[in-house]
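Peer 1: As input, take start_2.cif (mmCIF, C-alpha atoms):
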```cif
data_my_file
#
loop_
_atom_site.label_atom_id
_atom_site.label_comp_id
_atom_site.auth_asym_id
_atom_site.auth_seq_id
_atom_site.Cartn_x
_atom_site.Cartn_y
_atom_site.Cartn_z
CA MET A 1 -21.96 -30.30 58.34
CA ARG A 2 -20.35 -29.39 61.67
CA MET A 3 -18.70 -32.18 63.69
CA SER A 4 -21.37 -32.26 66.44
CA SER A 5 -24.25 -32.60 64.00
CA ARG A 6 -22.40 -35.18 61.93
CA THR A 7 -21.74 -37.30 65.05
CA ALA A 8 -25.43 -37.15 65.96
CA PHE A 9 -26.34 -38.15 62.42
CA LEU A 10 -24.04 -41.23 62.53
CA GLU A 11 -25.30 -42.36 65.96
CA GLN A 12 -28.84 -42.52 64.60
CA TYR A 13 -28.00 -45.64 62.54
CA PRO A 14 -26.17 -48.92 63.28
CA PRO A 15 -22.61 -49.00 61.94
CA PRO A 16 -22.53 -50.55 58.47
CA LYS A 17 -19.36 -50.70 56.31
CA LEU A 18 -18.78 -48.27 53.42
CA THR A 19 -17.54 -49.47 50.03
CA VAL A 20 -17.16 -47.42 46.83
CA SER A 21 -17.13 -48.70 43.25
CA THR A 22 -13.84 -46.91 42.60
CA GLU A 23 -11.50 -44.81 44.68
CA LYS A 24 -9.64 -43.37 41.67
CA VAL A 25 -11.43 -41.67 38.79
CA HIS A 26 -9.58 -40.85 35.56
CA HIS A 27 -10.93 -38.67 32.78
CA LYS A 28 -9.43 -37.23 29.63
CA GLY A 29 -11.32 -34.59 27.70
CA ALA A 30 -12.67 -31.07 27.80
CA GLY A 31 -15.88 -29.15 28.26
CA VAL A 32 -18.41 -30.86 30.51
CA ILE A 33 -18.02 -34.53 31.49
CA TYR A 34 -20.58 -36.68 33.35
CA GLY A 35 -20.11 -39.87 35.40
CA THR A 36 -21.39 -41.95 38.32
CA LEU A 37 -20.07 -43.44 41.56
CA GLU A 38 -21.71 -46.40 43.28
CA ILE A 39 -21.75 -46.36 47.09
CA GLU A 40 -22.63 -49.63 48.86
CA ASN A 41 -22.98 -51.09 52.37
CA ALA A 42 -20.86 -54.22 52.84
CA THR A 43 -22.44 -55.34 56.17
CA GLU A 44 -25.59 -55.00 58.27
CA GLY A 45 -27.56 -51.91 59.04
CA GLU A 46 -28.41 -49.06 56.72
CA LEU A 47 -25.81 -46.82 55.15
CA ALA A 48 -26.28 -43.05 55.39
CA GLY A 49 -23.95 -40.21 54.66
CA THR A 50 -22.81 -37.27 52.55
CA ILE A 51 -20.41 -36.62 49.68
CA SER A 52 -18.58 -33.33 49.17
CA SER A 53 -16.19 -32.07 46.52
CA MET A 54 -12.72 -30.66 47.08
CA ALA A 55 -13.00 -28.52 43.92
CA ASP A 56 -15.61 -26.12 42.61
CA PHE A 57 -15.70 -27.69 39.15
CA ILE A 58 -17.00 -31.05 40.52
CA THR A 59 -20.62 -31.30 41.64
CA PHE A 60 -22.55 -34.32 42.94
CA SER A 61 -26.19 -35.31 42.96
CA PRO A 62 -27.38 -36.19 45.49
CA THR A 63 -24.95 -34.87 48.08
CA GLN A 64 -26.74 -36.64 50.96
CA PHE A 65 -27.96 -40.24 50.74
CA LEU A 66 -29.62 -43.05 52.68
CA GLY A 67 -29.57 -46.64 51.43
CA ASN A 68 -27.36 -49.66 51.08
CA LYS A 69 -26.74 -49.22 47.35
CA VAL A 70 -26.77 -45.67 45.99
CA GLN A 71 -25.66 -44.19 42.69
CA ILE A 72 -24.17 -40.71 42.86
CA GLU A 73 -23.97 -38.70 39.64
CA TYR A 74 -21.15 -36.24 39.18
CA THR A 75 -20.48 -33.42 36.72
CA LEU A 76 -17.04 -32.13 35.77
CA ASP A 77 -17.17 -28.64 34.27
CA LEU A 78 -13.72 -28.33 32.72
CA VAL A 79 -14.37 -25.07 30.89
CA GLY A 80 -11.45 -22.77 31.64
CA LEU A 81 -9.18 -25.58 32.84
CA SER A 82 -6.13 -26.94 31.08
CA GLY A 83 -3.38 -29.49 31.56
CA GLU A 84 -3.36 -32.08 34.37
CA VAL A 85 -5.81 -31.51 37.23
CA THR A 86 -5.87 -33.60 40.44
CA THR A 87 -8.49 -33.24 43.14
CA GLY A 88 -10.95 -35.40 45.06
CA ALA A 89 -14.21 -35.95 46.91
CA VAL A 90 -14.85 -37.00 50.53
CA ILE A 91 -17.55 -39.53 51.40
CA THR A 92 -18.54 -39.49 55.07
CA THR A 93 -21.01 -42.16 56.33
CA ASN A 94 -22.07 -44.07 59.40
CA GLY A 95 -19.98 -46.90 57.95
CA GLY A 96 -16.74 -45.02 57.58
CA GLN A 97 -15.08 -42.35 55.45
CA LYS A 98 -13.34 -42.61 52.13
CA THR A 99 -11.67 -40.25 49.67
CA VAL A 100 -12.16 -40.64 45.95
CA ASP A 101 -9.31 -39.22 43.85
CA PHE A 102 -10.07 -37.47 40.55
CA HIS A 103 -7.30 -37.22 38.00
CA ILE A 104 -8.25 -35.29 34.83
CA THR A 105 -6.26 -34.56 31.69
CA VAL A 106 -7.84 -31.54 29.98
CA ASN A 107 -7.37 -31.59 26.22
CA PRO A 108 -8.25 -28.75 23.86
CA PRO A 109 -11.61 -29.83 22.45
CA ASP A 110 -12.16 -30.23 18.73
CA VAL A 111 -15.31 -28.39 17.73
CA LEU A 112 -17.48 -30.74 15.74
CA THR A 113 -19.59 -28.77 13.25
CA LYS A 114 -23.08 -29.58 11.99
CA ASP A 115 -21.54 -31.18 8.92
CA ASP A 116 -19.18 -33.33 11.00
CA LEU A 117 -16.04 -31.30 10.40
CA ILE A 118 -13.50 -31.19 13.21
CA LEU A 119 -11.79 -27.83 13.69
CA ALA A 120 -8.34 -28.17 15.19
CA ASP A 121 -7.33 -24.51 15.33
CA LEU A 122 -8.26 -20.98 14.26
CA ASP A 123 -6.91 -21.60 10.77
CA ASP A 124 -9.51 -24.35 10.38
CA PHE A 125 -12.21 -22.04 11.68
CA ALA A 126 -11.17 -19.33 9.18
CA THR A 127 -11.47 -21.84 6.32
CA TYR A 128 -14.86 -22.94 7.65
CA ALA A 129 -16.03 -19.32 7.84
CA LYS A 130 -15.01 -18.79 4.22
CA THR A 131 -16.66 -21.93 2.83
CA GLN A 132 -19.65 -22.20 5.21
CA PRO A 133 -20.25 -18.62 6.41
CA ILE A 134 -23.77 -19.10 7.83
CA ALA A 135 -22.84 -22.25 9.78
CA ALA A 136 -19.70 -20.53 11.11
CA ARG A 137 -21.76 -17.63 12.45
CA GLN A 138 -24.06 -20.06 14.25
CA LEU A 139 -21.09 -21.91 15.73
CA PHE A 140 -19.29 -18.76 16.84
CA THR A 141 -21.50 -18.02 19.87
CA ARG A 142 -22.08 -21.60 20.99
CA HIS A 143 -20.93 -22.73 24.44
CA ASP A 144 -18.71 -25.47 23.01
CA PHE A 145 -16.92 -22.95 20.78
CA MET A 146 -16.08 -20.90 23.87
CA ALA A 147 -14.95 -24.09 25.60
CA TRP A 148 -12.82 -24.90 22.57
CA LEU A 149 -11.06 -21.53 22.86
CA LEU A 150 -10.55 -21.99 26.60
CA GLY A 151 -9.19 -25.48 26.06
CA MET A 152 -6.58 -24.04 23.69
CA ASN A 153 -5.66 -21.43 26.31
CA TYR A 154 -6.81 -18.70 23.93
CA PRO A 155 -5.32 -15.53 25.50
CA ASN A 156 -7.96 -12.97 24.50
CA MET A 157 -11.26 -14.30 25.82
CA SER A 158 -12.48 -10.81 26.75
CA ILE A 159 -11.97 -9.74 23.13
CA TYR A 160 -13.83 -12.83 21.89
CA GLU A 161 -16.73 -12.08 24.25
CA ALA A 162 -16.90 -8.49 22.97
CA PHE A 163 -17.05 -9.72 19.37
CA ALA A 164 -19.59 -12.42 20.25
CA ALA A 165 -21.88 -9.78 21.77
CA ASP A 166 -22.17 -8.00 18.41
CA PRO A 167 -25.73 -8.62 17.11
CA ASN A 168 -24.33 -8.65 13.56
CA LYS A 169 -22.80 -12.13 13.61
CA GLU A 170 -21.28 -11.83 10.15
CA ARG A 171 -19.36 -8.76 11.29
CA ALA A 172 -18.51 -10.45 14.61
CA VAL A 173 -16.88 -13.49 12.99
CA ASP A 174 -15.02 -11.33 10.50
CA ASN A 175 -13.67 -8.98 13.17
CA PHE A 176 -12.59 -11.96 15.27
CA LEU A 177 -10.64 -13.48 12.38
CA VAL A 178 -9.10 -10.13 11.40
CA PHE A 179 -8.07 -9.52 15.02
CA ASN A 180 -6.35 -12.92 15.13
CA GLY A 181 -4.55 -12.37 11.83
CA LYS A 182 -6.45 -15.09 9.96
CA LYS A 183 -7.72 -12.82 7.19
CA TYR A 184 -7.54 -9.26 5.93
CA LYS A 185 -10.38 -6.85 6.41
CA ALA A 186 -12.41 -6.58 3.21
CA LYS A 187 -12.66 -3.19 1.55
CA ILE A 188 -15.03 -2.05 -1.17
CA ILE A 189 -13.42 -0.20 -4.07
CA PRO A 190 -15.17 1.08 -7.22
CA GLU A 191 -14.02 -0.61 -10.39
CA THR A 192 -16.07 1.94 -12.30
CA VAL A 193 -14.78 5.46 -11.70
CA ASP A 194 -15.88 7.41 -14.77
CA LEU A 195 -18.71 6.82 -17.25
CA SER A 196 -20.24 8.93 -20.00
CA HIS A 197 -23.67 8.76 -21.63
CA SER A 198 -24.78 10.50 -24.80
CA ILE A 199 -28.55 10.77 -24.50
CA GLY A 200 -30.76 10.98 -27.54
CA MET A 201 -33.69 13.38 -27.50
CA TRP A 202 -36.17 10.53 -27.89
CA GLU A 203 -35.02 8.59 -24.84
CA ASP A 204 -37.28 8.78 -21.79
CA THR A 205 -34.81 6.97 -19.56
CA VAL A 206 -31.25 5.71 -19.76
CA THR A 207 -29.99 2.85 -17.60
CA GLY A 208 -26.54 1.69 -16.62
CA SER A 209 -24.56 0.10 -13.81
CA ILE A 210 -21.43 0.64 -11.80
CA THR A 211 -19.16 -2.18 -10.64
CA LEU A 212 -17.80 -2.39 -7.10
CA ARG A 213 -15.04 -4.79 -6.12
CA ARG A 214 -14.52 -6.37 -2.68
CA THR A 215 -10.82 -6.86 -1.94
CA THR A 216 -11.28 -10.22 -0.19
CA TRP A 217 -13.96 -12.54 1.19
CA GLY A 218 -15.89 -11.77 4.36
CA TYR A 219 -17.93 -8.98 5.87
CA ALA A 220 -18.10 -5.73 3.91
CA GLU A 221 -20.63 -2.90 3.77
CA ALA A 222 -20.62 0.51 2.15
CA ASN A 223 -23.19 3.28 1.92
CA LEU A 224 -23.77 4.84 -1.50
CA GLN A 225 -24.75 8.48 -1.70
CA VAL A 226 -25.49 10.63 -4.74
CA ILE A 227 -23.90 13.96 -3.87
CA ALA A 228 -24.41 15.67 -7.25
CA GLY A 229 -27.04 15.21 -9.94
CA GLU A 230 -29.61 13.64 -7.65
CA GLN A 231 -32.46 15.30 -9.58
CA TRP A 232 -31.78 13.29 -12.75
CA PHE A 233 -29.64 10.39 -11.52
CA LYS A 234 -31.11 7.60 -9.35
CA LEU A 235 -29.37 4.56 -7.83
CA SER A 236 -31.13 1.21 -7.41
CA LYS A 237 -29.83 0.94 -3.82
CA ASN A 238 -28.11 3.16 -1.28
CA LYS A 239 -26.08 0.41 0.39
CA VAL A 240 -24.11 -2.67 -0.64
CA VAL A 241 -23.52 -5.60 1.74
CA SER A 242 -21.54 -8.82 1.60
CA GLY A 243 -24.43 -10.72 0.01
CA ASP A 244 -24.37 -8.42 -3.03
CA PHE A 245 -20.95 -9.71 -4.11
CA ASP A 246 -20.55 -12.71 -6.40
CA ALA A 247 -17.90 -15.45 -6.35
CA GLU A 248 -15.50 -13.10 -8.09
CA ASN A 249 -16.06 -10.43 -5.41
CA GLY A 250 -17.85 -8.13 -7.83
CA ALA A 251 -21.16 -6.33 -7.29
CA GLU A 252 -23.28 -4.44 -9.80
CA VAL A 253 -25.31 -1.41 -8.73
CA HIS A 254 -27.78 -0.25 -11.35
CA TYR A 255 -28.88 3.33 -11.99
CA ILE A 256 -31.31 5.28 -14.11
CA ILE A 257 -30.91 8.65 -15.80
CA LEU A 258 -33.95 10.87 -16.39
CA PRO A 259 -33.07 13.05 -19.41
CA ALA A 260 -36.08 15.28 -18.89
CA GLU A 261 -34.61 16.38 -15.53
CA SER A 262 -31.13 16.99 -16.92
CA GLU A 263 -29.73 20.30 -18.07
CA GLY A 264 -28.26 18.67 -21.14
CA ARG A 265 -24.67 18.44 -19.93
CA ASP A 266 -24.38 17.20 -16.34
CA THR A 267 -22.19 15.11 -14.06
CA ALA A 268 -23.53 12.97 -11.23
CA ILE A 269 -21.18 12.02 -8.39
CA VAL A 270 -21.68 8.84 -6.37
CA LEU A 271 -19.86 8.68 -3.03
CA VAL A 272 -18.87 5.18 -1.87
CA GLU A 273 -18.38 5.53 1.88
CA GLY A 274 -15.88 3.35 3.74
CA ASP A 275 -12.56 3.45 5.53
CA LYS A 276 -11.59 5.56 2.56
CA ASP A 277 -14.29 7.31 0.55
CA HIS A 278 -14.33 6.94 -3.22
CA LYS A 279 -16.11 8.99 -5.88
CA ILE A 280 -17.65 7.77 -9.12
CA HIS A 281 -18.44 10.29 -11.88
CA ILE A 282 -21.28 9.71 -14.33
CA HIS A 283 -21.43 12.21 -17.19
CA ALA A 284 -24.59 12.73 -19.24
CA THR A 285 -24.74 14.79 -22.41
CA SER A 286 -27.94 15.25 -24.32
CA ALA A 287 -27.01 14.57 -27.94
CA LYS A 288 -28.54 16.87 -30.56
CA PRO A 289 -30.65 14.82 -32.99
CA PHE A 290 -29.26 16.81 -35.89
CA ASP A 291 -26.88 19.56 -36.88
CA ALA A 292 -27.94 22.16 -39.46
CA ARG A 293 -26.10 24.90 -41.32
CA LEU A 294 -26.36 27.00 -44.48
CA ASP A 295 -23.79 26.72 -47.22
CA LYS A 296 -23.08 30.50 -47.17
CA GLU A 297 -22.68 33.10 -44.47
CA SER A 298 -24.91 35.56 -46.38
CA PHE A 299 -27.02 35.71 -49.56
CA PHE A 300 -28.18 38.21 -52.19
CA PHE A 301 -31.79 39.29 -52.61
CA GLU A 302 -31.90 36.95 -55.57
CA ASP A 303 -29.88 33.83 -54.81
CA LYS A 304 -29.68 30.08 -54.36
CA GLY A 305 -28.56 28.20 -51.32
CA LYS A 306 -28.34 24.86 -49.58
CA LEU A 307 -29.56 23.75 -46.17
CA ILE A 308 -27.13 21.05 -44.97
CA ILE A 309 -28.46 18.56 -42.37
CA THR A 310 -26.47 15.92 -40.45
CA ASN A 311 -28.65 13.31 -38.73
CA ASN A 312 -27.18 12.15 -35.36
CA THR A 313 -29.92 9.74 -34.34
CA GLY A 314 -28.80 6.67 -36.27
CA GLN A 315 -32.23 6.28 -37.83
CA ASP A 316 -34.31 8.16 -40.40
CA LEU A 317 -35.32 11.57 -39.11
CA MET A 318 -38.31 13.66 -40.13
CA ILE A 319 -37.81 17.42 -40.13
CA ASP A 320 -40.09 20.37 -40.79
CA ILE A 321 -38.85 23.66 -42.25
CA ALA A 322 -40.38 27.06 -41.52
CA CYS A 323 -39.27 30.28 -43.22
CA GLU A 324 -40.54 33.53 -44.70
CA PRO A 325 -42.30 33.37 -48.11
CA PHE A 326 -39.37 34.81 -50.04
CA VAL A 327 -37.34 31.67 -49.18
CA LYS A 328 -38.54 28.87 -51.44
CA PHE A 329 -38.10 25.16 -50.63
CA ASP A 330 -39.61 22.35 -52.73
CA ALA A 331 -41.34 21.02 -49.60
CA ARG A 332 -41.82 21.85 -45.95
CA ARG A 333 -41.17 18.32 -44.63
CA TYR A 334 -38.28 15.97 -45.38
CA PHE A 335 -37.08 12.55 -44.29
CA ILE A 336 -33.36 12.62 -43.65
CA GLY A 337 -30.97 9.68 -43.71
CA LYS A 338 -27.45 10.27 -42.49
CA THR A 339 -26.97 13.59 -44.29
CA ALA A 340 -28.92 15.79 -46.70
CA GLU A 341 -28.36 18.92 -48.77
CA ILE A 342 -31.68 20.65 -49.43
CA ASP A 343 -31.78 23.34 -52.12
CA PHE A 344 -33.70 26.59 -51.72
CA ASP A 345 -34.20 29.81 -53.71
CA ILE A 346 -34.30 33.38 -52.42
CA LYS A 347 -36.52 35.92 -54.15
CA TYR A 348 -36.71 38.92 -51.85
CA GLY A 349 -38.81 40.97 -54.26
CA SER A 350 -38.42 44.48 -55.65
CA ILE A 351 -40.97 46.07 -53.35
CA LYS A 352 -39.18 44.80 -50.24
CA ALA A 353 -35.82 45.85 -51.69
CA ALA A 354 -37.15 49.33 -52.46
CA SER A 355 -38.44 49.63 -48.92
CA LEU A 356 -34.97 48.87 -47.58
CA ALA A 357 -33.40 51.38 -49.99
CA PHE A 358 -35.81 54.06 -48.82
CA LYS A 359 -34.60 53.37 -45.27
CA ARG A 360 -31.02 53.43 -46.55
CA GLN A 361 -30.65 49.85 -45.30
CA MET A 362 -28.59 47.63 -47.58
CA TYR A 363 -29.40 44.25 -45.95
CA ALA A 364 -32.27 42.28 -44.42
CA GLU A 365 -32.31 39.80 -41.54
CA SER A 366 -34.42 36.64 -41.52
CA HIS A 367 -34.08 33.00 -40.45
CA ILE A 368 -34.82 29.40 -41.39
CA HIS A 369 -36.29 27.29 -38.60
CA VAL A 370 -35.63 23.51 -38.73
CA VAL A 371 -37.58 21.27 -36.32
CA ALA A 372 -37.47 17.51 -35.65
CA ILE A 373 -40.57 16.07 -33.96
CA ASP A 374 -41.21 12.55 -32.66
CA SER A 375 -43.50 11.11 -29.98
CA GLY A 376 -44.48 14.56 -28.80
CA LYS A 377 -40.88 15.70 -28.40
CA SER A 378 -39.21 18.30 -30.55
CA TYR A 379 -35.82 19.78 -31.19
CA GLY A 380 -35.27 22.87 -33.32
CA ARG A 381 -32.49 24.99 -34.79
CA ARG A 382 -32.99 28.63 -35.84
CA LEU A 383 -30.50 29.48 -38.58
CA PRO A 384 -29.83 33.21 -39.18
CA LEU A 385 -30.32 34.33 -42.80
CA THR A 386 -28.67 37.59 -43.92
CA LEU A 387 -29.60 39.11 -47.31
CA TRP A 388 -27.67 41.82 -49.18
CA GLY A 389 -28.74 44.02 -52.09
CA GLY A 390 -26.96 43.78 -55.45
#
```
Kindly transcribe the structure held in the file into structure tokens.

Peer 2:
Amino acid sequence: MRMSSRTAFLEQYPPPKLTVSTEKVHHKGAGVIYGTLEIENATEGELAGTISSMADFITFSPTQFLGNKVQIEYTLDLVGLSGEVTTGAVITTNGGQKTVDFHITVNPPDVLTKDDLILADLDDFATYAKTQPIAARQLFTRHDFMAWLLGMNYPNMSIYEAFAADPNKERAVDNFLVFNGKKYKAKIIPETVDLSHSIGMWEDTVTGSITLRRTTWGYAEANLQVIAGEQWFKLSKNKVVSGDFDAENGAEVHYIILPAESEGRDTAIVLVEGDKDHKIHIHATSAKPFDARLDKESFFFEDKGKLIITNNTGQDLMIDIACEPFVKFDARRYFIGKTAEIDFDIKYGSIKAASLAFKRQMYAESHIHVVAIDSGKSYGRRLPLTLWGG
């Protein structure tokens, strides 16, 4: 109010006498502090006037008053202040003028968490973020947390504000703590680097898992990409996040192998993307249900032989045998345990032998076909059979 208008304002009322409840205000704390002043008229007439602050961080309500006993509320916004602060307020009335001194000691505030924990410094906040991660994320962007940092004269408020603006609060808290040297940045490293599967012919699917290890607590994410073998190898997820890791910092990612889509001997490669990419190799080999061979490399037109079978399935295996009529087995179907030697006779016949002699051909070519069948699936071996004349 300019001097001329203030003089006119004072002349409008008879001259009372101004008194104030206190002329020295002391506060110790941080953040936002509230208080009241009582302004009173000590004589006749009606008191009227204004109150104004000498500092921007002090505000009054109301700033203009009329009455012989008035309470003025004040607000001290100490955010950003530190140390000892001295300032004041001027009360101008038709009953005189007084100055009220404000002396404030700004202390770094202790952030009181939802579970009544007091955090004295960033080390305490790091421990809180480790043990109560969700609550720490909620606290991180609160006004009193910012005031707490300001009260400690934290030197990198612009960096804090940049982190706090990150919509991913888990990442924001972690980056803040890493920046301030209160933890190491977590990395995700495969514990599984090489696996092999031997797939039986009867298996429709094969399942397994790979183990990933997080190097420390806190925020961590990694994309998983199958860069080879994607036709027959499928991952249960294409990304791992912090919540996937257990108390031991391990995470399991499951996969499925589709043998029908495999070539029989394949390698899938899983790329774990991060600061440093890692590769995991998964090998799949379709195991033959059996091996078969003949006991001789060649036979005479009249001879005996053995068909030797090795069963690789670990259970009884049924096989069927197909051959030309001059090869004689006791049966066409057999149940095989671990191994078997099956006898057969060869009687090529004189007519067939004479036909070869007429062609001046001293040998004949044939084969024995061995087939295993189960649940609509089959696996066969065609064994060459060479016959020589006497």

Peer 1: Using Å and a single decimal, report how far CA of Asp166 in chain A sits from CA of Ser236 in chain A.

Peer 2: 28.8 Å

Peer 1: Name all residues at most 7 Å from range 289-297 of chain A (count all atoms listed in the file; drop same-chain ones fewer than 5 positions away) and give them as a ChimeraX atom specification.

Peer 2: /A:200-201,305-313,383

Peer 1: Pick the closest to Arg171 in chain A from A:Asp101, A:Asp374, A:Glu23, A:Glu221: which is it, counting only C-alpha atoms?

Peer 2: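 Of A:Asp101, A:Asp374, A:Glu23, A:Glu221, the one nearest Arg171 in chain A, counting only C-alpha atoms, is A:Glu221.
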
Peer 1: Near range 63-74 of chain A, within 8 Å and counting only C-alpha atoms, which residues show up once chain neighbours fewer than 3 positions away are dropped, as a list of chain:residue names?

Peer 2: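 Near neighbours after the sequence-gap exclusion: A:Tyr34, A:Gly35, A:Thr36, A:Leu37, A:Glu38, A:Ile39, A:Glu40, A:Asn41, A:Glu46, A:Leu47, A:Ala48, A:Gly49, A:Thr50, A:Ile51, A:Ser52, A:Ile58, A:Thr59, A:Phe60.
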
Peer 1: For the PyMOL selection byres ((chain A and resi 178) around 12), applied here, can you spell out every residue it catches as a PyMOL selection string?

Peer 2: chain A and resi 122-123+126+160+163+171-177+179-186+216-219

Peer 1: Which residue gives the smallest distance to Ser355 in chain A among A:His103, A:Leu139, A:Thr43, A:Gly389, with only C-alpha atoms counted?

Peer 2: A:Gly389

Peer 1: Show me the residues around (-14.9, -1.1, -4.1) - criterion: an atom at most 7 Å away, only C-alpha atoms counted - as number ranges by chain.

Peer 2: A: 187-191, 212-214

Peer 1: Please enumerate the residues selected by the PyMOL selection byres ((chain A and resi 316) around 8) when evaluated against the supplied file, formatted as a PDB file with C-alpha atoms, in the coordinates of the input.

Peer 2:
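What landed in out-v4.pdb:
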```pdb
ATOM      1  CA  ASN A 311     -28.650  13.310 -38.730  1.00  0.00           C
ATOM      2  CA  THR A 313     -29.920   9.740 -34.340  1.00  0.00           C
ATOM      3  CA  GLY A 314     -28.800   6.670 -36.270  1.00  0.00           C
ATOM      4  CA  GLN A 315     -32.230   6.280 -37.830  1.00  0.00           C
ATOM      5  CA  LEU A 317     -35.320  11.570 -39.110  1.00  0.00           C
ATOM      6  CA  MET A 318     -38.310  13.660 -40.130  1.00  0.00           C
ATOM      7  CA  PHE A 335     -37.080  12.550 -44.290  1.00  0.00           C
ATOM      8  CA  ILE A 336     -33.360  12.620 -43.650  1.00  0.00           C
ATOM      9  CA  GLY A 337     -30.970   9.680 -43.710  1.00  0.00           C
ATOM     10  CA  LYS A 338     -27.450  10.270 -42.490  1.00  0.00           C
TER      11      LYS A 338
END
```

Peer 1: Kindly indicate which residue among A:His254, A:Lys130, A:His281, A:Arg360 lies nearest to Ser196 in chain A, using all atoms listed in the file for the distances.

Peer 2: A:His281

Peer 1: What is the distance between CA of Ala284 in chain A and CA of Leu271 in chain A, in Å to one decimal?

Peer 2: 17.4 Å

Peer 1: Apply the PyMOL selection byres ((chain A and resi 31) around 12) to the structure shown and report the selected residues as a ChimeraX atom specification.

Peer 2: /A:27-30,32-34,57,75-82,104-111,143-152

Peer 1: Rounded to one decimal place, report the CA of His278 in chain A-CA of Thr192 in chain A distance in Å.

Peer 2: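 Going from CA of His278 in chain A over to CA of Thr192 in chain A covers 10.5 Å.
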
Peer 1: Applying 9 Å and all atoms listed in the file, which residues near Asp194 in chain A remain after dropping the ones on its own chain fewer than 4 positions away? List them as a ChimeraX atom specification.

Peer 2: /A:280-283

Peer 1: For Pro167 in chain A, which of A:Arg137, A:Arg381, A:Arg142, A:Lys239 is the closest residue, counting all atoms listed in the file?

Peer 2: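 Of A:Arg137, A:Arg381, A:Arg142, A:Lys239, the one nearest Pro167 in chain A is A:Arg137, counting all atoms listed in the file.
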
Peer 1: Which centre and edge lengths in Å to one decimal define the box along x, y and z that fits every listed atom of range 270-289 of chain A plus 5 Å per side, as lines of an AutoDock Vina configuration file?

Peer 2:
```
center_x = -21.1
center_y = 10.1
center_z = -13.7
size_x = 29.1
size_y = 23.5
size_z = 48.5
```

Peer 1: Given all atoms listed in the file as the basis, pick out the residue of A:Thr386, A:Ser198, A:Thr141, A:Thr19 nearest to Gly96 in chain A.

Peer 2: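 For Gly96 in chain A, the nearest of the given residues is A:Thr19.
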
Peer 1: Using the partial input, fill out range 122-135 of chain A with N, CA and C atoms; write the result as a tab-separated table (two decimals), in the coordinates of the input.

Peer 2:
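Result written to out-v6.tsv:
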```
chain	number	residue	atom	x	y	z
A	122	LEU	N	-7.60	-22.14	14.84
A	122	LEU	CA	-8.26	-20.98	14.26
A	122	LEU	C	-8.11	-20.92	12.74
A	123	ASP	N	-7.04	-21.53	12.22
A	123	ASP	CA	-6.91	-21.60	10.77
A	123	ASP	C	-8.04	-22.43	10.17
A	124	ASP	N	-8.38	-23.53	10.83
A	124	ASP	CA	-9.51	-24.35	10.38
A	124	ASP	C	-10.81	-23.57	10.46
A	125	PHE	N	-10.97	-22.81	11.53
A	125	PHE	CA	-12.21	-22.04	11.68
A	125	PHE	C	-12.30	-20.96	10.60
A	126	ALA	N	-11.17	-20.34	10.24
A	126	ALA	CA	-11.17	-19.33	9.18
A	126	ALA	C	-11.59	-19.95	7.85
A	127	THR	N	-11.08	-21.14	7.56
A	127	THR	CA	-11.47	-21.84	6.32
A	127	THR	C	-12.95	-22.17	6.35
A	128	TYR	N	-13.43	-22.61	7.50
A	128	TYR	CA	-14.86	-22.94	7.65
A	128	TYR	C	-15.73	-21.69	7.47
A	129	ALA	N	-15.27	-20.56	7.99
A	129	ALA	CA	-16.03	-19.32	7.84
A	129	ALA	C	-16.08	-18.87	6.39
A	130	LYS	N	-15.04	-19.17	5.64
A	130	LYS	CA	-15.01	-18.79	4.22
A	130	LYS	C	-15.91	-19.67	3.39
A	131	THR	N	-15.90	-20.99	3.67
A	131	THR	CA	-16.66	-21.93	2.83
A	131	THR	C	-18.09	-22.13	3.32
A	132	GLN	N	-18.31	-22.00	4.63
A	132	GLN	CA	-19.65	-22.20	5.21
A	132	GLN	C	-19.98	-21.02	6.13
A	133	PRO	N	-20.15	-19.83	5.57
A	133	PRO	CA	-20.25	-18.62	6.41
A	133	PRO	C	-21.43	-18.64	7.38
A	134	ILE	N	-22.59	-19.12	6.95
A	134	ILE	CA	-23.77	-19.10	7.83
A	134	ILE	C	-23.56	-20.06	9.00
A	135	ALA	N	-23.08	-21.27	8.71
A	135	ALA	CA	-22.84	-22.25	9.78
A	135	ALA	C	-21.78	-21.74	10.75
```
